[in-house]
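What's in protein-v6.txt: compact mmCIF, C-alpha atoms
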```txt
# COMPACT_ATOMS: atom_id res chain seq x y z
CA MET J 65 10.14 33.42 -36.21
CA LYS J 66 9.00 31.70 -39.36
CA ASP J 67 6.36 32.79 -41.81
CA SER J 68 3.87 35.42 -40.61
CA GLU J 69 0.89 33.55 -42.10
CA LEU J 70 1.68 30.48 -39.99
CA LYS J 71 2.08 32.69 -36.94
CA SER J 72 -1.37 34.15 -37.56
CA LYS J 73 -2.93 30.67 -37.87
CA LEU J 74 -1.30 29.50 -34.64
CA GLU J 75 -2.45 32.64 -32.83
CA LYS J 76 -6.06 31.90 -33.81
CA ALA J 77 -5.71 28.22 -32.85
CA LEU J 78 -4.44 29.18 -29.38
CA ALA J 79 -6.84 32.06 -28.74
CA SER J 80 -9.05 29.97 -26.44
CA VAL J 81 -6.04 28.94 -24.36
CA ASN J 82 -4.60 32.45 -24.13
CA ASN J 83 -7.98 33.81 -22.95
CA ILE J 84 -8.08 31.54 -19.89
CA THR J 85 -7.47 33.42 -16.62
CA GLY J 86 -4.01 32.70 -15.29
CA VAL J 87 -2.36 31.80 -18.63
CA ASP J 88 0.79 33.91 -18.97
CA GLY J 89 1.62 32.86 -22.53
CA THR J 90 1.91 30.13 -25.13
CA LEU J 91 4.65 29.03 -27.48
CA VAL J 92 4.93 26.62 -30.43
CA VAL J 93 8.39 25.34 -31.33
CA ASP J 94 9.43 22.90 -34.08
CA ASN J 95 11.53 19.76 -33.65
CA GLN J 96 14.77 21.73 -34.11
CA GLY J 97 14.01 24.32 -31.45
CA GLU J 98 12.93 27.09 -33.84
CA ILE J 99 10.03 29.15 -32.54
CA LEU J 100 7.00 29.19 -34.83
CA TYR J 101 4.77 31.29 -32.56
CA SER J 102 5.10 32.97 -29.17
CA ASN J 103 3.30 35.58 -27.11
CA ILE J 104 5.70 35.15 -24.19
CA SER J 105 7.45 38.37 -23.24
CA TYR J 106 10.48 36.94 -21.42
CA LYS J 107 13.89 38.22 -22.51
CA ASP J 108 15.40 34.81 -23.28
CA VAL J 109 12.38 33.40 -25.09
CA ASP J 110 14.66 31.93 -27.81
CA LEU J 111 15.98 29.45 -25.25
CA PHE J 112 12.48 28.11 -24.65
CA GLY J 113 12.57 26.20 -27.93
CA SER J 114 15.58 24.09 -27.04
CA MET J 115 14.40 23.67 -23.45
CA ALA J 116 10.98 22.47 -24.61
CA ASN J 117 12.64 19.83 -26.78
CA ILE J 118 14.86 18.68 -23.91
CA ILE J 119 11.96 18.33 -21.47
CA SER J 120 9.66 16.62 -23.95
CA SER J 121 12.22 14.23 -25.46
CA SER J 122 13.67 13.29 -22.05
CA SER J 123 10.19 12.59 -20.66
CA GLU J 124 9.34 10.55 -23.73
CA LYS J 125 12.49 8.43 -23.32
CA LEU J 126 11.72 7.93 -19.62
CA LEU J 127 8.21 6.66 -20.38
CA ASP J 128 9.53 4.48 -23.17
CA LEU J 129 12.12 2.85 -20.90
CA SER J 130 9.58 2.32 -18.14
CA LYS J 131 7.04 0.99 -20.68
CA GLU J 132 4.35 3.37 -19.43
CA GLY J 133 3.01 4.08 -22.91
CA GLN J 134 3.13 7.03 -25.30
CA ILE J 135 3.63 10.49 -23.84
CA GLU J 136 0.61 12.84 -23.84
CA ARG J 137 1.81 15.84 -21.86
CA VAL J 138 4.38 17.02 -19.32
CA LEU J 139 3.40 19.28 -16.43
CA VAL J 140 6.14 21.11 -14.53
CA GLU J 141 5.04 22.75 -11.28
CA SER J 142 6.63 25.55 -9.24
CA VAL J 143 5.55 27.65 -6.27
CA ARG J 144 4.43 30.45 -8.63
CA GLY J 145 2.82 28.52 -11.43
CA LYS J 146 3.04 25.68 -13.91
CA ALA J 147 4.43 24.92 -17.38
CA LEU J 148 2.53 22.51 -19.62
CA PHE J 149 4.23 20.75 -22.56
CA LEU J 150 2.21 18.93 -25.25
CA SER J 151 3.58 17.01 -28.22
CA LEU J 152 2.57 18.09 -31.74
CA ILE J 153 4.44 15.16 -33.38
CA LYS J 154 6.87 17.43 -35.27
CA ALA J 155 6.60 20.33 -32.85
CA HIS J 156 5.77 21.17 -29.22
CA LEU J 157 3.20 23.40 -27.52
CA VAL J 158 4.23 25.13 -24.31
CA VAL J 159 1.70 26.83 -22.01
CA LEU J 160 2.87 28.93 -19.04
CA THR J 161 0.44 29.61 -16.22
CA ASN J 162 0.43 31.31 -12.81
CA ILE J 163 -1.25 30.17 -9.60
CA LYS J 164 -4.59 31.74 -10.62
CA ALA J 165 -5.09 29.34 -13.52
CA ASN J 166 -7.55 26.44 -13.39
CA ILE J 167 -5.10 23.79 -14.55
CA GLY J 168 -7.84 21.32 -15.50
CA MET J 169 -9.39 23.86 -17.86
CA VAL J 170 -5.95 24.76 -19.24
CA ILE J 171 -5.12 21.10 -19.99
CA LEU J 172 -8.49 20.45 -21.66
CA SER J 173 -8.35 23.56 -23.84
CA SER J 174 -4.66 23.06 -24.67
CA LYS J 175 -5.29 19.46 -25.74
CA LYS J 176 -8.01 20.56 -28.18
CA SER J 177 -5.75 23.24 -29.64
CA ALA J 178 -2.84 20.79 -29.88
CA ASN J 179 -4.96 18.25 -31.80
CA PHE J 180 -5.94 20.99 -34.26
CA ILE J 181 -2.40 22.38 -34.67
CA LYS J 182 -0.68 19.05 -35.35
CA GLU J 183 -3.06 18.43 -38.27
CA MET J 184 -2.18 21.74 -39.90
CA LYS J 185 -0.41 21.29 -43.23
CA GLU J 186 2.46 23.58 -42.19
CA ILE J 187 3.12 21.46 -39.11
CA ARG J 188 2.82 18.12 -40.94
CA ASP J 189 5.22 19.41 -43.62
CA ILE J 190 8.00 20.19 -41.14
CA PRO J 191 10.97 18.12 -42.40
CA ASP J 192 12.41 15.26 -40.40
CA TYR J 193 15.97 16.45 -41.15
CA VAL J 194 17.23 13.02 -42.22
CA GLU J 195 20.26 13.43 -44.48
CA VAL J 196 19.98 11.42 -47.68
CA GLU J 197 22.80 11.13 -50.17
CA PRO J 198 23.06 9.22 -53.48
CA ILE J 199 25.34 6.25 -53.91
CA PRO J 200 28.50 7.26 -55.80
CA GLU J 201 28.93 5.69 -59.23
CA PRO J 202 31.18 2.60 -59.31
CA VAL J 203 34.67 3.16 -60.67
CA ALA J 204 34.28 0.34 -63.19
CA GLU J 205 31.16 -1.53 -64.19
CA ILE J 206 31.59 -5.26 -63.60
CA LYS J 207 30.38 -7.63 -66.32
CA VAL J 208 30.48 -11.40 -66.05
CA ASP J 209 31.33 -13.48 -69.12
CA LEU J 210 30.95 -17.21 -68.47
CA LYS J 211 32.04 -19.73 -71.11
CA ALA J 212 29.47 -22.33 -72.15
CA GLU J 213 31.66 -25.41 -71.64
CA PRO J 214 34.61 -24.59 -69.41
CA GLU J 215 37.38 -27.04 -68.78
CA PRO J 216 37.44 -28.43 -65.22
CA SER J 217 40.59 -26.44 -64.43
CA GLU J 218 39.42 -23.21 -66.08
CA GLU J 219 38.32 -20.28 -63.87
CA LEU J 220 35.48 -17.91 -64.51
CA LYS J 221 36.67 -14.51 -65.73
CA LEU J 222 35.21 -11.03 -65.87
CA GLU J 223 35.33 -8.90 -69.05
CA GLU J 224 37.90 -6.65 -67.42
CA GLU J 225 39.97 -9.76 -66.52
CA ILE J 226 38.88 -9.76 -62.90
CA THR J 227 38.97 -13.32 -61.53
CA VAL J 228 35.87 -14.44 -59.65
CA PRO J 229 37.12 -16.42 -56.63
CA PRO J 230 35.14 -19.14 -54.84
CA VAL J 231 32.26 -18.10 -52.64
CA LYS J 232 34.27 -18.14 -49.43
CA GLU J 233 36.94 -16.00 -51.07
CA VAL J 234 34.29 -13.51 -52.21
CA GLU J 235 32.93 -13.23 -48.68
CA ARG J 236 36.44 -12.91 -47.22
CA GLU J 237 37.42 -10.16 -49.66
CA ILE J 238 34.25 -8.18 -49.00
CA ILE J 239 34.92 -8.34 -45.25
CA GLU J 240 38.54 -7.31 -45.82
CA ALA J 241 37.39 -4.44 -48.03
CA ARG J 242 35.16 -3.23 -45.23
CA ASN J 243 37.98 -3.47 -42.69
CA GLU J 244 40.38 -1.68 -45.02
CA SER J 245 37.88 1.14 -45.49
CA LYS J 246 37.78 1.58 -41.73
CA VAL J 247 41.56 1.71 -41.20
CA SER J 248 42.71 3.32 -44.43
CA LYS J 249 41.31 6.66 -43.29
CA SER J 250 43.76 8.56 -41.12
CA PRO J 251 42.68 8.14 -37.47
CA SER J 252 43.11 11.84 -36.82
CA ARG J 253 40.55 12.58 -39.54
CA ALA J 254 37.89 10.52 -37.74
CA THR J 255 34.75 12.58 -38.31
CA ALA J 256 31.45 12.56 -40.11
CA ASP J 257 33.42 11.97 -43.34
CA TYR J 258 34.84 8.81 -41.72
CA LEU J 259 31.27 7.57 -41.12
CA LYS J 260 30.22 8.36 -44.68
CA ASP J 261 33.18 6.40 -46.10
CA GLN J 262 32.15 3.29 -44.13
CA THR J 263 28.61 3.39 -45.47
CA ASP J 264 29.60 4.10 -49.08
CA THR J 265 32.21 1.31 -49.08
CA GLU J 266 29.75 -1.27 -47.79
CA ILE J 267 27.12 -0.31 -50.34
CA LEU J 268 29.62 -0.31 -53.20
CA ALA J 269 30.92 -3.75 -52.20
CA SER J 270 27.36 -5.04 -52.07
CA GLN J 271 26.62 -3.62 -55.52
CA LYS J 272 29.73 -5.18 -57.06
CA SER J 273 28.83 -8.56 -55.59
CA PHE J 274 25.32 -8.79 -56.93
CA GLU J 275 24.88 -6.49 -59.98
CA SER J 276 25.54 -7.51 -63.57
CA SER J 277 24.73 -5.53 -66.71
CA GLU J 278 24.77 -8.43 -69.24
CA GLU J 279 22.71 -11.58 -69.53
CA ILE J 280 24.42 -14.44 -67.64
CA LYS J 281 24.22 -17.95 -68.99
CA LYS J 282 24.59 -20.65 -66.39
CA PRO J 283 27.04 -23.36 -67.57
CA PRO J 284 26.40 -26.92 -66.49
CA GLU J 285 27.82 -28.24 -63.21
CA ILE J 286 29.49 -25.05 -61.93
CA ASP J 287 29.28 -25.01 -58.13
CA VAL J 288 30.26 -21.34 -57.84
CA VAL J 289 27.28 -20.20 -59.91
CA GLU J 290 24.92 -22.50 -58.04
CA LYS J 291 26.05 -21.16 -54.70
CA LEU J 292 25.91 -17.52 -55.79
CA ASP J 293 22.52 -18.08 -57.44
CA ILE J 294 23.32 -15.56 -60.20
CA LYS J 295 20.35 -14.79 -62.42
CA GLY J 296 20.75 -12.68 -65.52
CA PRO J 297 18.16 -10.05 -66.45
CA SER J 298 15.94 -10.77 -69.42
CA LYS J 299 16.13 -8.69 -72.57
CA GLU J 300 12.76 -7.19 -71.76
CA SER J 301 13.91 -6.09 -68.30
CA GLU J 302 17.07 -4.60 -69.81
CA ASP J 303 14.97 -2.44 -72.15
CA LEU J 304 12.77 -1.24 -69.27
CA LYS J 305 15.69 -0.55 -66.94
CA PRO J 306 16.18 3.23 -66.34
CA PRO J 307 19.55 4.65 -67.41
CA LYS J 308 20.71 5.57 -63.88
CA MET J 309 18.98 5.39 -60.52
CA GLU J 310 20.19 7.30 -57.49
CA ILE J 311 19.31 5.19 -54.46
CA PRO J 312 18.94 7.25 -51.26
CA VAL J 313 21.11 6.14 -48.37
CA ILE J 314 20.43 7.21 -44.82
CA LYS J 315 23.69 7.93 -43.02
CA PRO J 316 24.49 5.95 -39.88
CA PRO J 317 23.99 7.46 -36.39
CA LEU J 318 26.62 9.91 -35.19
CA SER J 319 29.35 8.14 -33.22
CA PHE J 320 32.81 9.02 -31.95
CA PRO J 321 35.56 7.46 -34.10
CA PRO J 322 38.92 6.10 -32.91
CA LEU J 323 41.76 8.56 -32.30
CA PRO J 324 45.53 8.02 -32.55
CA GLU J 325 47.22 6.81 -29.36
CA SER J 326 49.59 9.76 -29.32
CA VAL J 327 50.61 12.60 -31.60
CA SER J 328 53.60 14.89 -32.02
CA ILE J 329 53.51 18.44 -33.34
CA PRO J 330 55.02 18.53 -36.85
CA GLU J 331 57.48 21.20 -38.00
CA ASN J 332 55.74 21.67 -41.34
CA LEU J 333 53.21 24.53 -41.07
CA GLU J 334 50.62 22.85 -43.26
CA GLU J 335 50.77 19.60 -41.28
CA LYS J 336 50.69 21.56 -38.03
CA SER J 337 47.57 23.40 -39.12
CA ARG J 338 45.98 20.11 -40.12
CA LEU J 339 46.67 18.65 -36.66
CA ILE J 340 45.06 21.66 -34.97
CA THR J 341 41.99 21.26 -37.15
CA ASP J 342 41.81 17.55 -36.29
CA ILE J 343 41.84 18.39 -32.58
CA TYR J 344 39.06 20.95 -32.85
CA GLU J 345 37.06 18.66 -35.09
CA SER J 346 37.15 15.98 -32.39
CA VAL J 347 36.14 18.49 -29.71
CA LEU J 348 33.16 19.80 -31.66
CA LEU J 349 32.11 16.29 -32.67
CA ALA J 350 32.14 15.27 -28.99
CA MET J 351 29.97 18.31 -28.16
CA SER J 352 27.46 17.40 -30.87
CA ILE J 353 27.25 13.83 -29.57
CA GLY J 354 26.72 15.09 -26.02
CA ALA J 355 23.91 17.44 -27.02
CA SER J 356 22.26 14.68 -29.07
CA LYS J 357 22.32 12.35 -26.06
CA ILE J 358 20.41 14.89 -23.97
CA MET J 359 17.86 16.34 -26.38
CA GLY J 360 17.88 14.18 -29.51
CA THR J 361 19.61 14.73 -32.85
CA ALA J 362 17.17 17.15 -34.50
CA PRO J 363 16.93 19.59 -31.56
CA ALA J 364 20.72 19.40 -31.09
CA ARG J 365 21.16 20.26 -34.76
CA GLY J 366 18.86 23.25 -34.43
CA MET J 367 20.52 24.59 -31.31
CA LEU J 368 24.01 24.19 -32.76
CA LYS J 369 22.97 25.95 -35.96
CA ASN J 370 21.52 28.87 -33.97
CA SER J 371 24.62 29.22 -31.79
CA ILE J 372 27.32 29.32 -34.50
CA PRO J 373 28.99 32.80 -34.50
CA TYR J 374 28.96 33.40 -38.25
CA GLU J 375 29.54 37.15 -37.84
CA ASP J 376 32.61 36.71 -35.62
CA CYS J 377 34.32 34.18 -37.92
CA PRO J 378 32.97 34.93 -41.42
CA GLU J 379 35.92 33.50 -43.37
CA LEU J 380 36.20 30.21 -41.50
CA LEU J 381 32.42 29.67 -41.35
CA ASP J 382 31.65 30.70 -44.93
CA ASP J 383 28.93 28.34 -46.29
CA VAL J 384 29.33 26.05 -43.26
CA ASP J 385 26.11 24.34 -42.18
CA VAL J 386 25.17 21.64 -39.68
CA ARG J 387 24.56 18.10 -40.94
CA SER J 388 21.38 16.23 -40.06
CA ASN J 389 23.39 14.16 -37.57
CA SER J 390 24.10 17.45 -35.68
CA ALA J 391 27.80 17.60 -36.73
CA LEU J 392 29.40 20.63 -38.37
CA GLN J 393 30.42 20.39 -42.05
CA PHE J 394 34.13 20.10 -41.42
CA ASP J 395 34.87 19.34 -45.05
CA VAL J 396 33.76 22.91 -45.83
CA ILE J 397 35.71 24.29 -42.87
CA ARG J 398 38.89 22.59 -44.14
CA GLU J 399 38.37 24.12 -47.58
CA ASN J 400 37.97 27.56 -45.99
CA LEU J 401 41.13 27.10 -43.94
CA GLU J 402 43.17 26.42 -47.06
CA LYS J 403 42.36 29.95 -48.21
CA PHE J 404 44.19 31.45 -45.22
CA PRO J 405 47.87 32.41 -45.75
CA LEU J 406 49.96 29.47 -44.54
CA GLU J 407 52.09 31.58 -42.19
CA GLU J 408 48.94 32.90 -40.45
CA ARG J 409 46.85 29.74 -40.59
CA THR J 410 47.92 28.17 -37.29
CA GLU J 411 47.18 31.22 -35.15
CA LYS J 412 44.01 32.08 -37.07
CA THR J 413 42.66 28.54 -36.68
CA ILE J 414 43.14 28.55 -32.89
CA ASP J 415 41.65 32.03 -32.46
CA ASP J 416 38.56 31.32 -34.58
CA PHE J 417 37.84 27.93 -33.04
CA THR J 418 38.20 29.41 -29.56
CA ILE J 419 35.41 31.87 -30.44
CA ILE J 420 33.24 29.15 -32.01
CA ILE J 421 33.55 26.70 -29.12
CA SER J 422 32.92 29.42 -26.52
CA ALA J 423 29.73 30.55 -28.27
CA ILE J 424 28.39 27.00 -28.58
CA THR J 425 29.33 26.05 -25.02
CA ASP J 426 27.62 29.13 -23.58
CA LYS J 427 24.42 28.29 -25.47
CA TYR J 428 24.48 24.66 -24.32
CA GLY J 429 25.19 25.73 -20.74
CA ARG J 430 22.29 28.19 -20.61
CA VAL J 431 19.83 25.66 -22.02
CA MET J 432 20.76 22.40 -20.27
CA GLY J 433 23.21 23.44 -17.58
CA TYR J 434 27.00 23.03 -17.67
CA ASP J 435 27.03 20.10 -15.25
CA ALA J 436 24.60 18.04 -17.35
CA PHE J 437 26.45 18.89 -20.55
CA ARG J 438 29.87 18.02 -19.11
CA GLY J 439 28.48 14.73 -17.86
CA MET J 440 27.41 13.77 -21.38
CA ILE J 441 30.69 14.65 -23.11
CA ARG J 442 33.05 13.36 -20.40
CA PRO J 443 33.82 9.96 -22.09
CA GLU J 444 34.65 11.57 -25.46
CA PHE J 445 36.75 14.31 -23.87
CA LYS J 446 38.78 11.72 -21.99
CA LYS J 447 39.59 10.03 -25.32
CA ILE J 448 40.51 13.39 -26.82
CA TYR J 449 42.87 14.27 -23.97
CA ASP J 450 44.43 10.79 -23.92
CA SER J 451 45.25 11.24 -27.60
CA PHE J 452 45.85 14.97 -28.11
CA GLY J 453 46.55 16.14 -24.53
CA PRO J 454 50.27 17.04 -24.78
CA ALA J 455 49.75 18.68 -28.18
CA MET J 456 46.77 20.70 -26.87
CA GLU J 457 48.89 22.03 -24.02
CA GLU J 458 51.92 22.83 -26.17
CA LEU J 459 49.80 24.58 -28.83
CA GLY J 460 47.88 26.61 -26.24
CA ILE J 461 44.54 25.05 -27.16
CA LYS J 462 43.78 23.84 -23.62
CA GLU J 463 44.57 27.25 -22.13
CA LYS J 464 42.22 29.08 -24.51
CA ILE J 465 39.31 26.62 -24.57
CA HIS J 466 36.12 27.46 -22.63
CA PRO J 467 36.71 27.13 -18.83
CA GLU J 468 33.74 24.74 -18.45
CA LEU J 469 35.31 22.38 -21.00
CA ARG J 470 38.83 22.80 -19.64
CA LYS J 471 37.68 21.02 -16.47
CA LEU J 472 37.34 17.83 -18.54
CA LEU J 473 40.82 18.00 -20.07
CA VAL J 474 42.66 16.23 -17.28
CA SER J 475 44.60 12.99 -17.07
```

I'd like the structure from this file rewritten - as structure tokens, please.
Amino acid sequence: MKDSELKSKLEKALASVNNITGVDGTLVVDNQGEILYSNISYKDVDLFGSMANIISSSSEKLLDLSKEGQIERVLVESVRGKALFLSLIKAHLVVLTNIKANIGMVILSSKKSANFIKEMKEIRDIPDYVEVEPIPEPVAEIKVDLKAEPEPSEELKLEEEITVPPVKEVEREIIEARNESKVSKSPSRATADYLKDQTDTEILASQKSFESSEEIKKPPEIDVVEKLDIKGPSKESEDLKPPKMEIPVIKPPLSFPPLPESVSIPENLEEKSRLITDIYESVLLAMSIGASKIMGTAPARGMLKNSIPYEDCPELLDDVDVRSNSALQFDVIRENLEKFPLEERTEKTIDDFTIIISAITDKYGRVMGYDAFRGMIRPEFKKIYDSFGPAMEELGIKEKIHPELRKLLVS
């Protein structure tokens, strides 16, 4: 539960609903599946948060695809009662009733309470969990120095003796730089870091193409300048320009990167440990993508965060959090692994990741069902087995992985 003051406010806002005959309980859960208020006495009430997000987000997507308009509420009926789900923009209201309840009265009262709750400051201030990172500083600041009367054969030069090619060359080099950034990263390290590198490279290339820190004087009859339409800042704008501005960049959606066609197990212990980590990174990334497909990124992030067994693997999971795109911080995990003795690292890595994957899989299975979850991760797991299959079998990873996931690791 969050803050007791918010719980008290929500209890008062839902008093009229809870007093209706036949209402068994109410629950308010945020967009990550964390329960803000509940008077439901069921044993597994913590699972209600993630389930509410799955039902609401899936229904919303269905209505959106069918162009039936914006979702207002979802009513699930059973032989013993009903469950009502109402959207609070950044949260959800769940009302459980039995067969004695007047459902019309429940809907009317719940709608009034929902309209009041979603305007509460605490609800409106719930973060959207969009990860924003600053653009890294350029390695070298590019300054253009054009001569006033260049000879016809003379090329424009930069202060750091960087030749400015024709426009088509500039475009070609930028495209090549983007392609190089995609392939220069080792395929086996294809993760959230891989995605971040793509974005940062594109932004840096764009900055280098269009930014200039000195006044640019346009020489007569230079086609390159005319095509690039370079305009130098005035002296006044230079004085007003802030020293450094960090521009927020929203990371791209989570996607599964390319994997190597085949791998062999190295003799070197450090390289062997790195391969094992690459395999588990791909597996957990595929699981995050699958959960996001079913329930949306924010709820998937919340459920993953709540299912990580920090107590069982304290050394490996030290300071490890979940990114806003619902992927684990594997850069931190790799740093933690380097602290393990090299001769023990291979076995320790497999044992800890077996525990982590089992805990996460069990949570996903209880909330959305193993069949639905396997269906969502099947394409990614096929790619994983096509690439790492023989190595996973030889290292014992396939044998130890959760039985529900092992079913997907087939040729």

Test item: axis-aligned box, all listed atoms of range 99-117 of chain J, 4 Å on each side, centre and edges in Å rounded to one decimal, as JSON:
```
{"center_x": 9.6, "center_y": 29.1, "center_z": -28.1, "size_x": 20.7, "size_y": 26.5, "size_z": 21.4}
```

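Comparing the minimum interatomic distances between Lys71 in chain J and each of J:Lys462, J:Ile420, J:Arg365, J:Val93, counting only C-alpha atoms, we find that J:Val93 sits nearest.
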
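Between CA of Ala355 in chain J and CA of Phe437 in chain J the separation is 7.1 Å.
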
Here is a test: counting only C-alpha atoms, which residue of J:Ser390, J:Asn370, J:Ser121, J:Thr341 is nearest to Ile358 in chain J?
J:Ser121

Here CA of Val158 in chain J and CA of Ser68 in chain J stand apart by 19.3 Å

Interatomic distance, CA of Glu444 in chain J to CA of Leu473 in chain J (Å, one decimal):
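About the pair CA of Glu444 in chain J and CA of Leu473 in chain J: they are 10.4 Å apart.
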
Would you mind listing what lies within 10 Å of Ala364 in chain J as a short mmCIF file (atom, residue, chain, number, x, y, z; two decimals) with C-alpha atoms, keeping the file's coordinate frame, with all atoms listed in the file counted and same-chain residues fewer than 2 positions away left out?
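Saved as around29.cif:
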```cif
data_model
loop_
_atom_site.label_atom_id
_atom_site.label_comp_id
_atom_site.auth_asym_id
_atom_site.auth_seq_id
_atom_site.Cartn_x
_atom_site.Cartn_y
_atom_site.Cartn_z
CA ASN J 95 11.53 19.76 -33.65
CA GLN J 96 14.77 21.73 -34.11
CA GLY J 97 14.01 24.32 -31.45
CA SER J 114 15.58 24.09 -27.04
CA ASN J 117 12.64 19.83 -26.78
CA ILE J 118 14.86 18.68 -23.91
CA MET J 351 29.97 18.31 -28.16
CA SER J 352 27.46 17.40 -30.87
CA ILE J 353 27.25 13.83 -29.57
CA GLY J 354 26.72 15.09 -26.02
CA ALA J 355 23.91 17.44 -27.02
CA SER J 356 22.26 14.68 -29.07
CA LYS J 357 22.32 12.35 -26.06
CA ILE J 358 20.41 14.89 -23.97
CA MET J 359 17.86 16.34 -26.38
CA GLY J 360 17.88 14.18 -29.51
CA THR J 361 19.61 14.73 -32.85
CA ALA J 362 17.17 17.15 -34.50
CA GLY J 366 18.86 23.25 -34.43
CA MET J 367 20.52 24.59 -31.31
CA LEU J 368 24.01 24.19 -32.76
CA LYS J 369 22.97 25.95 -35.96
CA ASN J 370 21.52 28.87 -33.97
CA VAL J 386 25.17 21.64 -39.68
CA SER J 388 21.38 16.23 -40.06
CA ASN J 389 23.39 14.16 -37.57
CA SER J 390 24.10 17.45 -35.68
CA ALA J 391 27.80 17.60 -36.73
CA TYR J 428 24.48 24.66 -24.32
#
```

Sorted by chain and rising residue number, list the residues of range 89-120 of chain J at most 12 Å from range 73-77 of chain J (counting all atoms listed in the file), each with its closest atom pair and distance in Å to one decimal, as CSV.
```
residue,atom,partner,partner_atom,distance
J:Gly89,CA,J:Glu75,CA,11.1
J:Thr90,CA,J:Glu75,CA,9.2
J:Leu91,CA,J:Leu74,CA,9.3
J:Val92,CA,J:Leu74,CA,8.1
J:Val93,CA,J:Leu74,CA,11.1
J:Ile99,CA,J:Leu74,CA,11.5
J:Leu100,CA,J:Leu74,CA,8.3
J:Tyr101,CA,J:Leu74,CA,6.7
J:Ser102,CA,J:Glu75,CA,8.4
J:Asn103,CA,J:Glu75,CA,8.6
```

Residue contacts of Glu335 in chain J (12 Å, all atoms listed in the file) excluding same-chain residues fewer than 6 positions away, as a PyMOL selection string
chain J and resi 252+327-329+341-342+402+406+409-410

Which one of J:Arg398, J:Val384, J:Met184, J:Pro324 sits closest to Tyr344 in chain J if you count all atoms listed in the file?
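Looking at the shortest contact to Tyr344 in chain J, the residue is J:Arg398.
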
Which neighbours of Val396 in chain J fall inside 9 Å, counting all atoms listed in the file, when residues of the same chain fewer than 4 positions from it are skipped, and could you give them as a ChimeraX atom specification?
/J:380-385,392,400-401

Which is closer to Arg470 in chain J than all the others in J:Ile448, J:Ile181, J:Leu139, J:Leu333, using only C-alpha atoms?
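Of all the options, J:Ile448 lies closest to Arg470 in chain J.
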